>>> print(open('run.cif').read())   # mmCIF, C-alpha atoms
data_coords
loop_
_atom_site.group_PDB
_atom_site.id
_atom_site.type_symbol
_atom_site.label_atom_id
_atom_site.label_comp_id
_atom_site.auth_asym_id
_atom_site.auth_seq_id
_atom_site.Cartn_x
_atom_site.Cartn_y
_atom_site.Cartn_z
ATOM 1 C CA MET A 1 55.861 -45.659 71.562
ATOM 2 C CA SER A 2 54.900 -41.982 71.899
ATOM 3 C CA GLN A 3 53.217 -42.537 75.225
ATOM 4 C CA PHE A 4 56.583 -43.574 76.597
ATOM 5 C CA HIS A 5 58.585 -40.563 75.352
ATOM 6 C CA GLY A 6 55.967 -37.873 75.987
ATOM 7 C CA PHE A 7 56.024 -36.387 72.416
ATOM 8 C CA LYS A 8 54.424 -37.095 69.130
ATOM 9 C CA GLN A 9 56.448 -37.601 65.963
ATOM 10 C CA ASP A 10 55.387 -35.147 63.173
ATOM 11 C CA MET A 11 54.375 -37.264 60.213
ATOM 12 C CA PRO A 12 52.960 -36.601 56.678
ATOM 13 C CA PRO A 13 49.171 -36.568 56.486
ATOM 14 C CA PRO A 14 47.577 -39.911 55.940
ATOM 15 C CA GLY A 15 47.668 -40.772 52.262
ATOM 16 C CA GLY A 16 50.770 -38.676 51.722
ATOM 17 C CA TYR A 17 51.300 -35.066 50.498
ATOM 18 C CA GLU A 18 49.497 -33.995 47.301
ATOM 19 C CA ALA A 19 51.544 -33.639 44.165
ATOM 20 C CA ILE A 20 53.311 -30.308 43.552
ATOM 21 C CA LYS A 21 51.649 -28.359 40.662
ATOM 22 C CA TYR A 22 54.589 -27.399 38.553
ATOM 23 C CA LYS A 23 52.901 -27.650 35.080
ATOM 24 C CA ARG A 24 51.307 -24.532 33.489
ATOM 25 C CA ASN A 25 47.499 -24.573 33.622
ATOM 26 C CA LEU A 26 46.491 -23.854 29.930
ATOM 27 C CA PRO A 27 43.188 -25.536 29.016
ATOM 28 C CA VAL A 28 42.308 -26.095 25.306
ATOM 29 C CA ARG A 29 40.226 -23.054 24.259
ATOM 30 C CA GLY A 30 37.900 -24.271 21.525
ATOM 31 C CA VAL A 31 38.655 -25.112 17.916
ATOM 32 C CA GLY A 32 41.723 -23.963 16.115
ATOM 33 C CA GLY A 33 42.231 -20.854 14.046
ATOM 34 C CA ALA A 34 41.996 -22.587 10.673
ATOM 35 C CA VAL A 35 38.607 -24.045 11.564
ATOM 36 C CA VAL A 36 37.249 -20.682 12.758
ATOM 37 C CA PHE A 37 38.580 -18.910 9.691
ATOM 38 C CA SER A 38 37.099 -21.403 7.271
ATOM 39 C CA ALA A 39 33.772 -21.427 9.117
ATOM 40 C CA VAL A 40 33.526 -17.623 8.932
ATOM 41 C CA THR A 41 34.440 -17.728 5.271
ATOM 42 C CA ALA A 42 31.762 -20.337 4.607
ATOM 43 C CA ILE A 43 29.092 -18.349 6.446
ATOM 44 C CA CYS A 44 30.026 -15.169 4.571
ATOM 45 C CA ALA A 45 29.988 -16.998 1.261
ATOM 46 C CA PHE A 46 26.526 -18.347 1.980
ATOM 47 C CA GLY A 47 25.331 -14.879 2.975
ATOM 48 C CA PHE A 48 26.659 -13.239 -0.182
ATOM 49 C CA TRP A 49 25.179 -15.990 -2.337
ATOM 50 C CA ARG A 50 21.818 -15.413 -0.713
ATOM 51 C CA VAL A 51 22.043 -11.655 -1.190
ATOM 52 C CA GLY A 52 22.754 -12.255 -4.849
ATOM 53 C CA ALA A 53 19.871 -14.672 -5.224
ATOM 54 C CA GLY A 54 17.654 -12.196 -3.391
ATOM 55 C CA ASN A 55 18.648 -9.399 -5.763
ATOM 56 C CA VAL A 56 17.752 -11.541 -8.753
ATOM 57 C CA GLU A 57 14.441 -12.393 -7.128
ATOM 58 C CA LYS A 58 13.729 -8.749 -6.322
ATOM 59 C CA ARG A 59 14.255 -7.864 -9.942
ATOM 60 C CA GLU A 60 11.753 -10.502 -11.009
ATOM 61 C CA LEU A 61 9.258 -9.323 -8.405
ATOM 62 C CA LYS A 62 9.589 -5.814 -9.794
ATOM 63 C CA ARG A 63 9.008 -7.149 -13.282
ATOM 64 C CA GLU A 64 5.881 -8.944 -12.116
ATOM 65 C CA GLN A 65 4.625 -5.800 -10.398
ATOM 66 C CA ALA A 66 5.334 -3.682 -13.468
ATOM 67 C CA TRP A 67 3.520 -6.046 -15.820
ATOM 68 C CA SER A 68 0.580 -6.295 -13.487
ATOM 69 C CA ARG A 69 0.263 -2.513 -13.721
ATOM 70 C CA ILE A 70 0.909 -2.405 -17.458
ATOM 71 C CA ASN A 71 -1.930 -4.881 -17.952
ATOM 72 C CA LEU A 72 -4.299 -2.605 -16.071
ATOM 73 C CA VAL A 73 -3.352 0.682 -17.740
ATOM 74 C CA PRO A 74 -5.717 0.429 -20.749
ATOM 75 C CA LEU A 75 -8.840 -0.291 -18.779
ATOM 76 C CA LEU A 76 -8.159 2.405 -16.194
ATOM 77 C CA LEU A 77 -7.331 4.885 -18.937
ATOM 78 C CA ALA A 78 -10.492 3.969 -20.845
ATOM 79 C CA GLU A 79 -12.629 4.554 -17.780
ATOM 80 C CA GLN A 80 -10.883 7.832 -17.064
ATOM 81 C CA ASP A 81 -11.301 8.951 -20.674
ATOM 82 C CA ARG A 82 -15.042 8.403 -20.595
ATOM 83 C CA ASP A 83 -15.300 10.516 -17.466
ATOM 84 C CA ALA A 84 -13.034 13.215 -18.915
ATOM 85 C CA TYR A 85 -15.123 13.275 -22.107
ATOM 86 C CA ARG A 86 -18.317 13.572 -20.101
ATOM 87 C CA ARG A 87 -16.962 16.533 -18.144
ATOM 88 C CA GLN A 88 -15.600 18.111 -21.299
ATOM 89 C CA GLN A 89 -18.983 17.934 -23.004
ATOM 90 C CA ALA A 90 -20.712 19.330 -19.915
ATOM 91 C CA ALA A 91 -18.242 22.212 -19.774
ATOM 92 C CA LEU A 92 -18.803 22.878 -23.464
ATOM 93 C CA ALA A 93 -22.583 22.975 -22.985
ATOM 94 C CA ARG A 94 -22.179 25.352 -20.050
ATOM 95 C CA GLU A 95 -19.903 27.606 -22.064
ATOM 96 C CA LYS A 96 -22.349 27.656 -24.973
ATOM 97 C CA GLU A 97 -25.196 28.536 -22.645
ATOM 98 C CA ILE A 98 -23.251 31.350 -20.961
ATOM 99 C CA MET A 99 -21.838 32.821 -24.160
ATOM 100 C CA LYS A 100 -24.932 32.469 -26.375
ATOM 101 C CA ASP A 101 -25.512 36.255 -26.496
ATOM 102 C CA TYR A 102 -22.024 37.003 -27.767
ATOM 103 C CA PRO A 103 -21.856 36.465 -31.526
ATOM 104 C CA GLY A 104 -18.512 35.314 -32.833
ATOM 105 C CA TRP A 105 -17.599 33.396 -29.676
ATOM 106 C CA GLU A 106 -16.419 29.903 -30.446
ATOM 107 C CA ALA A 107 -17.243 27.679 -27.522
ATOM 108 C CA GLY A 108 -14.641 25.116 -26.675
ATOM 109 C CA LYS A 109 -11.951 26.668 -28.842
ATOM 110 C CA SER A 110 -8.451 25.848 -27.698
ATOM 111 C CA THR A 111 -6.261 28.655 -26.455
ATOM 112 C CA TYR A 112 -3.375 27.124 -28.391
ATOM 113 C CA ASN A 113 -2.883 27.362 -32.124
ATOM 114 C CA SER A 114 -2.238 23.663 -32.427
ATOM 115 C CA SER A 115 -4.110 20.570 -33.521
ATOM 116 C CA ARG A 116 -2.530 18.587 -30.718
ATOM 117 C CA TYR A 117 -4.809 17.752 -27.816
ATOM 118 C CA THR A 118 -4.194 20.091 -24.895
ATOM 119 C CA PRO A 119 -6.056 19.283 -21.710
ATOM 120 C CA SER A 120 -7.997 22.129 -20.202
ATOM 121 C CA THR A 121 -6.064 24.057 -17.608
ATOM 122 C CA ILE A 122 -9.265 25.265 -15.968
ATOM 123 C CA VAL A 123 -10.707 23.048 -13.270
ATOM 124 C CA VAL A 124 -14.422 23.488 -12.642
ATOM 125 C CA LEU A 125 -15.179 23.788 -8.964
ATOM 126 C CA MET B 1 -17.723 32.955 -9.666
ATOM 127 C CA ALA B 2 -18.995 29.460 -9.126
ATOM 128 C CA SER B 3 -22.572 30.583 -8.849
ATOM 129 C CA HIS B 4 -24.059 27.367 -10.184
ATOM 130 C CA ARG B 5 -23.077 25.510 -7.030
ATOM 131 C CA PRO B 6 -24.960 25.541 -3.771
ATOM 132 C CA ALA B 7 -23.114 27.534 -1.132
ATOM 133 C CA VAL B 8 -22.408 24.478 0.972
ATOM 134 C CA LEU B 9 -18.979 23.258 1.893
ATOM 135 C CA THR B 10 -18.643 19.514 1.728
ATOM 136 C CA ASP B 11 -15.717 17.249 2.281
ATOM 137 C CA GLN B 12 -16.588 15.391 -0.882
ATOM 138 C CA PRO B 13 -14.769 16.250 -4.098
ATOM 139 C CA TYR B 14 -16.955 17.907 -6.707
ATOM 140 C CA THR B 15 -18.411 15.519 -9.225
ATOM 141 C CA ASP B 16 -19.981 16.800 -12.393
ATOM 142 C CA PRO B 17 -23.551 15.469 -12.354
ATOM 143 C CA ASN B 18 -24.015 15.779 -16.132
ATOM 144 C CA PRO B 19 -24.479 12.451 -17.873
ATOM 145 C CA LEU B 20 -22.471 11.202 -20.820
ATOM 146 C CA PRO B 21 -24.022 12.442 -24.089
ATOM 147 C CA SER B 22 -26.459 9.970 -25.593
ATOM 148 C CA SER B 23 -24.337 9.715 -28.748
ATOM 149 C CA VAL B 24 -21.880 7.597 -26.751
ATOM 150 C CA PRO B 25 -23.143 4.045 -26.195
ATOM 151 C CA HIS B 26 -23.456 3.038 -22.593
ATOM 152 C CA VAL B 27 -20.982 0.621 -21.080
ATOM 153 C CA ASP B 28 -21.047 -0.581 -17.507
ATOM 154 C CA GLU B 29 -17.990 0.516 -15.611
ATOM 155 C CA LEU B 30 -16.002 -2.261 -13.962
ATOM 156 C CA GLY B 31 -16.596 -1.069 -10.424
ATOM 157 C CA VAL B 32 -13.807 -3.332 -9.154
ATOM 158 C CA THR B 33 -11.417 -2.158 -6.464
ATOM 159 C CA SER B 34 -7.658 -2.356 -6.630
ATOM 160 C CA ALA B 35 -7.013 -5.755 -5.035
ATOM 161 C CA PRO B 36 -9.363 -7.777 -7.295
ATOM 162 C CA LEU B 37 -8.026 -5.837 -10.283
ATOM 163 C CA LYS B 38 -4.477 -6.682 -9.315
ATOM 164 C CA SER B 39 -5.417 -10.297 -8.768
ATOM 165 C CA ALA B 40 -7.016 -10.449 -12.219
ATOM 166 C CA SER B 41 -4.428 -8.265 -13.944
ATOM 167 C CA PHE B 42 -2.526 -11.046 -15.704
ATOM 168 C CA PHE B 43 -5.744 -12.708 -16.865
ATOM 169 C CA ILE B 44 -6.932 -9.377 -18.257
ATOM 170 C CA GLY B 45 -3.542 -8.741 -19.841
ATOM 171 C CA GLN B 46 -3.467 -12.123 -21.534
ATOM 172 C CA HIS B 47 -7.110 -12.408 -22.602
ATOM 173 C CA CYS B 48 -7.568 -8.808 -23.744
ATOM 174 C CA LYS B 49 -4.104 -8.319 -25.230
ATOM 175 C CA GLU B 50 -5.267 -7.326 -28.708
ATOM 176 C CA VAL B 51 -8.000 -4.984 -27.539
ATOM 177 C CA ASN B 52 -5.673 -3.369 -25.033
ATOM 178 C CA GLU B 53 -2.903 -2.895 -27.556
ATOM 179 C CA ASP B 54 -5.354 -1.467 -30.050
ATOM 180 C CA PHE B 55 -6.524 1.044 -27.455
ATOM 181 C CA MET B 56 -2.998 2.045 -26.478
ATOM 182 C CA LEU B 57 -1.994 2.503 -30.132
ATOM 183 C CA CYS B 58 -5.067 4.667 -30.588
ATOM 184 C CA LYS B 59 -4.052 6.721 -27.564
ATOM 185 C CA GLN B 60 -0.610 7.095 -29.062
ATOM 186 C CA GLU B 61 -2.217 8.605 -32.159
ATOM 187 C CA ASN B 62 -4.095 11.203 -30.172
ATOM 188 C CA ARG B 63 -4.386 11.868 -26.457
ATOM 189 C CA ASP B 64 -7.843 13.417 -26.802
ATOM 190 C CA PRO B 65 -10.299 11.445 -24.638
ATOM 191 C CA ALA B 66 -12.887 11.715 -27.399
ATOM 192 C CA HIS B 67 -10.607 10.014 -29.908
ATOM 193 C CA CYS B 68 -10.552 6.492 -28.493
ATOM 194 C CA LEU B 69 -13.964 6.111 -26.892
ATOM 195 C CA SER B 70 -15.033 3.106 -28.965
ATOM 196 C CA GLU B 71 -11.727 1.288 -28.391
ATOM 197 C CA GLY B 72 -12.034 2.138 -24.716
ATOM 198 C CA ARG B 73 -15.487 0.570 -24.561
ATOM 199 C CA LYS B 74 -14.088 -2.610 -26.072
ATOM 200 C CA VAL B 75 -11.351 -2.639 -23.440
ATOM 201 C CA THR B 76 -13.837 -2.233 -20.612
ATOM 202 C CA ARG B 77 -16.188 -4.876 -22.022
ATOM 203 C CA CYS B 78 -13.332 -7.342 -22.430
ATOM 204 C CA ALA B 79 -12.103 -6.759 -18.866
ATOM 205 C CA ALA B 80 -15.639 -7.105 -17.513
ATOM 206 C CA ASP B 81 -15.994 -10.316 -19.490
ATOM 207 C CA VAL B 82 -12.755 -11.733 -18.066
ATOM 208 C CA ILE B 83 -13.709 -10.851 -14.505
ATOM 209 C CA GLY B 84 -17.146 -12.354 -15.042
ATOM 210 C CA LYS B 85 -15.562 -15.569 -16.307
ATOM 211 C CA ILE B 86 -13.195 -15.766 -13.355
ATOM 212 C CA LYS B 87 -16.085 -15.254 -10.964
ATOM 213 C CA GLU B 88 -18.086 -17.899 -12.765
ATOM 214 C CA SER B 89 -15.508 -20.664 -12.677
ATOM 215 C CA CYS B 90 -13.077 -19.825 -9.862
ATOM 216 C CA LEU B 91 -14.947 -17.598 -7.450
ATOM 217 C CA GLU B 92 -13.506 -19.189 -4.338
ATOM 218 C CA GLU B 93 -9.879 -19.075 -5.484
ATOM 219 C CA PHE B 94 -10.295 -15.535 -6.799
ATOM 220 C CA ASN B 95 -11.817 -14.313 -3.539
ATOM 221 C CA SER B 96 -9.136 -15.891 -1.397
ATOM 222 C CA HIS B 97 -6.369 -14.450 -3.576
ATOM 223 C CA TRP B 98 -7.586 -10.868 -3.703
ATOM 224 C CA GLN B 99 -8.425 -10.900 -0.024
ATOM 225 C CA CYS B 100 -4.905 -12.119 0.673
ATOM 226 C CA LEU B 101 -3.536 -9.267 -1.478
ATOM 227 C CA GLU B 102 -5.727 -6.839 0.428
ATOM 228 C CA LYS B 103 -4.291 -8.019 3.726
ATOM 229 C CA ASN B 104 -0.659 -8.068 2.563
ATOM 230 C CA ASN B 105 -0.097 -4.617 1.110
ATOM 231 C CA GLN B 106 -0.938 -6.051 -2.324
ATOM 232 C CA TYR B 107 2.367 -7.895 -2.538
ATOM 233 C CA PHE B 108 2.209 -10.809 -4.956
ATOM 234 C CA GLN B 109 5.030 -12.573 -3.103
ATOM 235 C CA ALA B 110 2.957 -12.752 0.071
ATOM 236 C CA CYS B 111 0.108 -14.639 -1.607
ATOM 237 C CA ARG B 112 1.682 -17.407 -3.652
ATOM 238 C CA LYS B 113 -0.496 -20.172 -2.259
ATOM 239 C CA PRO B 114 -3.889 -18.715 -3.239
ATOM 240 C CA GLU B 115 -2.326 -17.477 -6.448
ATOM 241 C CA LYS B 116 -1.226 -20.979 -7.351
ATOM 242 C CA ALA B 117 -4.756 -22.255 -6.837
ATOM 243 C CA LEU B 118 -6.149 -19.430 -8.948
ATOM 244 C CA ASN B 119 -3.622 -19.981 -11.740
ATOM 245 C CA GLN B 120 -4.340 -23.696 -11.797
ATOM 246 C CA CYS B 121 -8.032 -22.909 -12.052
ATOM 247 C CA LYS B 122 -7.825 -20.277 -14.770
ATOM 248 C CA LEU B 123 -4.746 -20.122 -16.960
ATOM 249 C CA SER B 124 -0.983 -20.280 -17.045
ATOM 250 C CA LYS B 125 0.354 -16.894 -16.071
ATOM 251 C CA THR B 126 3.390 -15.721 -17.975
ATOM 252 C CA ILE B 127 5.399 -12.617 -17.188
ATOM 253 C CA PRO B 128 6.864 -11.122 -20.350
ATOM 254 C CA GLY B 129 10.632 -10.665 -20.296
ATOM 255 C CA SER B 130 11.400 -13.018 -17.438
ATOM 256 C CA PRO B 131 14.628 -14.996 -17.905
ATOM 257 C CA GLU B 132 14.466 -18.132 -20.035
ATOM 258 C CA GLY B 133 15.146 -21.611 -18.727
ATOM 259 C CA GLN B 134 14.243 -21.018 -15.081
ATOM 260 C CA PRO B 135 10.959 -21.003 -13.210
ATOM 261 C CA GLN B 136 9.154 -17.693 -13.250
ATOM 262 C CA ILE B 137 8.960 -15.768 -10.019
ATOM 263 C CA HIS B 138 5.471 -17.015 -9.143
ATOM 264 C CA GLU B 139 6.492 -20.635 -9.771
ATOM 265 C CA LYS B 140 9.632 -20.593 -7.614
ATOM 266 C CA SER B 141 9.553 -23.408 -5.069
ATOM 267 C CA SER B 142 11.497 -21.735 -2.240
ATOM 268 C CA PRO B 143 11.474 -17.985 -2.735
ATOM 269 C CA ILE B 144 13.582 -15.706 -0.553
ATOM 270 C CA PHE B 145 11.047 -12.898 -0.324
ATOM 271 C CA THR B 146 7.749 -14.034 1.123
ATOM 272 C CA ARG B 147 5.573 -12.479 3.763
ATOM 273 C CA VAL B 148 7.325 -10.136 6.161
ATOM 274 C CA GLN B 149 5.620 -11.727 9.139
ATOM 275 C CA LYS B 150 5.244 -15.449 9.068
#
>>> encode(input="run.cif", output="structure tokens")
Amino acid sequence: MSQFHGFKQDMPPPGGYEAIKYKRNLPVRGVGGAVVFSAVTAICAFGFWRVGAGNVEKRELKREQAWSRINLVPLLLAEQDRDAYRRQQAALAREKEIMKDYPGWEAGKSTYNSSRYTPSTIVVL
Amino acid sequence: MASHRPAVLTDQPYTDPNPLPSSVPHVDELGVTSAPLKSASFFIGQHCKEVNEDFMLCKQENRDPAHCLSEGRKVTRCAADVIGKIKESCLEEFNSHWQCLEKNNQYFQACRKPEKALNQCKLSKTIPGSPEGQPQIHEKSSPIFTRVQK
């Protein structure tokens, strides 16, 4: 027909016009507030429970450590005492040897008027 | 004043070379370093409880080192005996445990596996004062504090 009239009729594109977007475009953004809130609460609760359990465990670890040391105190002290006694006796012998010409000198006499044991404040170097 | 010493500076601390007087019976020192001692500490504490307590009560009487020498010798002999026994029967477990302690800053919690083997070999370890009715810290199946680096 158009070849007869010398013009072309303006027509919609083949397949028709696309639909007019008149609806708001609001996609669903993840889970709802209640779910998020309860999930956070659950995670926090688990964390606090674990902190508590960890504190209890730390206390027990400290107890273990303390008793391990308590068990070793006597033998370390005994060894140390033998060495201290050895040095004490050596110091006494030295003092006797040095002060042998001074009558009335009591070697190894404490500077304190007390029967309580007072460790020597003089370190031999 | 220290005229009895050679005029030589050393980086070693001064040790008195004088021997223990012969009136004191000789006892071999343990000569054990810290990690094996820590590994054996609960065995020593449980086997030598009476001797240890006796020594500590003696020390409470008088702090003079000369006062408790005989009790101290008993303590050292008992500890040496315990360590000898451990080495006799559980040398492998003992070695692996104290070497683990050595490598892990001497934290017990880092070495539960070798410790379990050692405890099974030697004796049941009990920590005084731990809460009743629940597994002790070294028996816990899934502890929170373990090694820092896995």
>>> resolve_selection(input="run.cif", expression="the PyMOL selection byres ((chain A) within 9 of (chain B))", output="JSON, numbers by chain")
{"A": [50, 53, 54, 57, 58, 60, 61, 63, 64, 65, 67, 68, 69, 70, 71, 72, 73, 74, 75, 76, 77, 78, 79, 80, 81, 82, 83, 84, 85, 86, 87, 89, 90, 116, 117, 118, 119, 124, 125]}
>>> atom_distance(input="run.cif", atom1="atom CA of B:His26", atom2="atom CA of B:Asp81")
15.6 Å
>>> atom_distance(input="run.cif", atom1="atom CA of A:Ala93", atom2="atom CA of B:Pro6")
19.5 Å
>>> atom_distance(input="run.cif", atom1="atom CA of B:Ser23", atom2="atom CA of B:Lys85")
29.5 Å
>>> residues_around(input="run.cif", residues="stretch 112-119 of chain B", least_positions_apart="4", cutoff="6 Å", atoms="all atoms listed in the file", output="number ranges by chain")
B: 93, 97, 123-124
>>> build_atoms(input="run.cif", residues="stretch 59-89 of chain B", atoms="N, CA and C atoms", output="PDB file, in the frame of the given file")
ATOM      1  N   LYS B  59      -4.416   5.616 -28.456  1.00  0.00           N
ATOM      2  CA  LYS B  59      -4.052   6.721 -27.564  1.00  0.00           C
ATOM      3  C   LYS B  59      -2.745   7.362 -28.005  1.00  0.00           C
ATOM      4  N   GLN B  60      -1.880   6.545 -28.589  1.00  0.00           N
ATOM      5  CA  GLN B  60      -0.610   7.095 -29.062  1.00  0.00           C
ATOM      6  C   GLN B  60      -0.835   8.046 -30.236  1.00  0.00           C
ATOM      7  N   GLU B  61      -1.871   7.724 -31.043  1.00  0.00           N
ATOM      8  CA  GLU B  61      -2.217   8.605 -32.159  1.00  0.00           C
ATOM      9  C   GLU B  61      -2.635   9.974 -31.652  1.00  0.00           C
ATOM     10  N   ASN B  62      -3.524   9.956 -30.652  1.00  0.00           N
ATOM     11  CA  ASN B  62      -4.095  11.203 -30.172  1.00  0.00           C
ATOM     12  C   ASN B  62      -4.493  11.034 -28.717  1.00  0.00           C
ATOM     13  N   ARG B  63      -4.092  11.984 -27.889  1.00  0.00           N
ATOM     14  CA  ARG B  63      -4.386  11.868 -26.457  1.00  0.00           C
ATOM     15  C   ARG B  63      -5.777  12.382 -26.112  1.00  0.00           C
ATOM     16  N   ASP B  64      -6.505  12.884 -27.076  1.00  0.00           N
ATOM     17  CA  ASP B  64      -7.843  13.417 -26.802  1.00  0.00           C
ATOM     18  C   ASP B  64      -8.753  12.304 -26.294  1.00  0.00           C
ATOM     19  N   PRO B  65      -9.418  12.503 -25.147  1.00  0.00           N
ATOM     20  CA  PRO B  65     -10.299  11.445 -24.638  1.00  0.00           C
ATOM     21  C   PRO B  65     -11.413  11.072 -25.604  1.00  0.00           C
ATOM     22  N   ALA B  66     -11.794  12.021 -26.465  1.00  0.00           N
ATOM     23  CA  ALA B  66     -12.887  11.715 -27.399  1.00  0.00           C
ATOM     24  C   ALA B  66     -12.421  10.806 -28.529  1.00  0.00           C
ATOM     25  N   HIS B  67     -11.115  10.705 -28.726  1.00  0.00           N
ATOM     26  CA  HIS B  67     -10.607  10.014 -29.908  1.00  0.00           C
ATOM     27  C   HIS B  67     -10.738   8.497 -29.814  1.00  0.00           C
ATOM     28  N   CYS B  68     -10.623   7.950 -28.632  1.00  0.00           N
ATOM     29  CA  CYS B  68     -10.552   6.492 -28.493  1.00  0.00           C
ATOM     30  C   CYS B  68     -11.710   5.932 -27.675  1.00  0.00           C
ATOM     31  N   LEU B  69     -12.861   6.573 -27.742  1.00  0.00           N
ATOM     32  CA  LEU B  69     -13.964   6.111 -26.892  1.00  0.00           C
ATOM     33  C   LEU B  69     -14.428   4.708 -27.265  1.00  0.00           C
ATOM     34  N   SER B  70     -14.510   4.426 -28.576  1.00  0.00           N
ATOM     35  CA  SER B  70     -15.033   3.106 -28.965  1.00  0.00           C
ATOM     36  C   SER B  70     -14.044   2.006 -28.588  1.00  0.00           C
ATOM     37  N   GLU B  71     -12.736   2.271 -28.801  1.00  0.00           N
ATOM     38  CA  GLU B  71     -11.727   1.288 -28.391  1.00  0.00           C
ATOM     39  C   GLU B  71     -11.766   1.094 -26.879  1.00  0.00           C
ATOM     40  N   GLY B  72     -11.976   2.204 -26.175  1.00  0.00           N
ATOM     41  CA  GLY B  72     -12.034   2.138 -24.716  1.00  0.00           C
ATOM     42  C   GLY B  72     -13.203   1.295 -24.240  1.00  0.00           C
ATOM     43  N   ARG B  73     -14.326   1.398 -24.941  1.00  0.00           N
ATOM     44  CA  ARG B  73     -15.487   0.570 -24.561  1.00  0.00           C
ATOM     45  C   ARG B  73     -15.173  -0.902 -24.746  1.00  0.00           C
ATOM     46  N   LYS B  74     -14.466  -1.204 -25.845  1.00  0.00           N
ATOM     47  CA  LYS B  74     -14.088  -2.610 -26.072  1.00  0.00           C
ATOM     48  C   LYS B  74     -13.212  -3.111 -24.935  1.00  0.00           C
ATOM     49  N   VAL B  75     -12.261  -2.266 -24.531  1.00  0.00           N
ATOM     50  CA  VAL B  75     -11.351  -2.639 -23.440  1.00  0.00           C
ATOM     51  C   VAL B  75     -12.145  -2.948 -22.170  1.00  0.00           C
ATOM     52  N   THR B  76     -13.067  -2.048 -21.847  1.00  0.00           N
ATOM     53  CA  THR B  76     -13.837  -2.233 -20.612  1.00  0.00           C
ATOM     54  C   THR B  76     -14.714  -3.475 -20.705  1.00  0.00           C
ATOM     55  N   ARG B  77     -15.328  -3.698 -21.876  1.00  0.00           N
ATOM     56  CA  ARG B  77     -16.188  -4.876 -22.022  1.00  0.00           C
ATOM     57  C   ARG B  77     -15.376  -6.152 -21.885  1.00  0.00           C
ATOM     58  N   CYS B  78     -14.177  -6.146 -22.495  1.00  0.00           N
ATOM     59  CA  CYS B  78     -13.332  -7.342 -22.430  1.00  0.00           C
ATOM     60  C   CYS B  78     -12.933  -7.626 -20.982  1.00  0.00           C
ATOM     61  N   ALA B  79     -12.525  -6.560 -20.264  1.00  0.00           N
ATOM     62  CA  ALA B  79     -12.103  -6.759 -18.866  1.00  0.00           C
ATOM     63  C   ALA B  79     -13.274  -7.248 -18.027  1.00  0.00           C
ATOM     64  N   ALA B  80     -14.458  -6.677 -18.266  1.00  0.00           N
ATOM     65  CA  ALA B  80     -15.639  -7.105 -17.513  1.00  0.00           C
ATOM     66  C   ALA B  80     -15.949  -8.570 -17.812  1.00  0.00           C
ATOM     67  N   ASP B  81     -15.760  -8.933 -19.081  1.00  0.00           N
ATOM     68  CA  ASP B  81     -15.994 -10.316 -19.490  1.00  0.00           C
ATOM     69  C   ASP B  81     -15.040 -11.264 -18.766  1.00  0.00           C
ATOM     70  N   VAL B  82     -13.756 -10.884 -18.733  1.00  0.00           N
ATOM     71  CA  VAL B  82     -12.755 -11.733 -18.066  1.00  0.00           C
ATOM     72  C   VAL B  82     -13.100 -11.892 -16.585  1.00  0.00           C
ATOM     73  N   ILE B  83     -13.419 -10.781 -15.944  1.00  0.00           N
ATOM     74  CA  ILE B  83     -13.709 -10.851 -14.505  1.00  0.00           C
ATOM     75  C   ILE B  83     -14.968 -11.684 -14.269  1.00  0.00           C
ATOM     76  N   GLY B  84     -15.940 -11.528 -15.154  1.00  0.00           N
ATOM     77  CA  GLY B  84     -17.146 -12.354 -15.042  1.00  0.00           C
ATOM     78  C   GLY B  84     -16.828 -13.836 -15.158  1.00  0.00           C
ATOM     79  N   LYS B  85     -15.925 -14.158 -16.116  1.00  0.00           N
ATOM     80  CA  LYS B  85     -15.562 -15.569 -16.307  1.00  0.00           C
ATOM     81  C   LYS B  85     -14.840 -16.120 -15.087  1.00  0.00           C
ATOM     82  N   ILE B  86     -13.931 -15.310 -14.546  1.00  0.00           N
ATOM     83  CA  ILE B  86     -13.195 -15.766 -13.355  1.00  0.00           C
ATOM     84  C   ILE B  86     -14.179 -16.030 -12.221  1.00  0.00           C
ATOM     85  N   LYS B  87     -15.115 -15.101 -12.058  1.00  0.00           N
ATOM     86  CA  LYS B  87     -16.085 -15.254 -10.964  1.00  0.00           C
ATOM     87  C   LYS B  87     -16.955 -16.478 -11.186  1.00  0.00           C
ATOM     88  N   GLU B  88     -17.227 -16.771 -12.452  1.00  0.00           N
ATOM     89  CA  GLU B  88     -18.086 -17.899 -12.765  1.00  0.00           C
ATOM     90  C   GLU B  88     -17.430 -19.220 -12.395  1.00  0.00           C
ATOM     91  N   SER B  89     -16.137 -19.346 -12.814  1.00  0.00           N
ATOM     92  CA  SER B  89     -15.508 -20.664 -12.677  1.00  0.00           C
ATOM     93  C   SER B  89     -14.620 -20.788 -11.435  1.00  0.00           C
TER      94      SER B  89
END
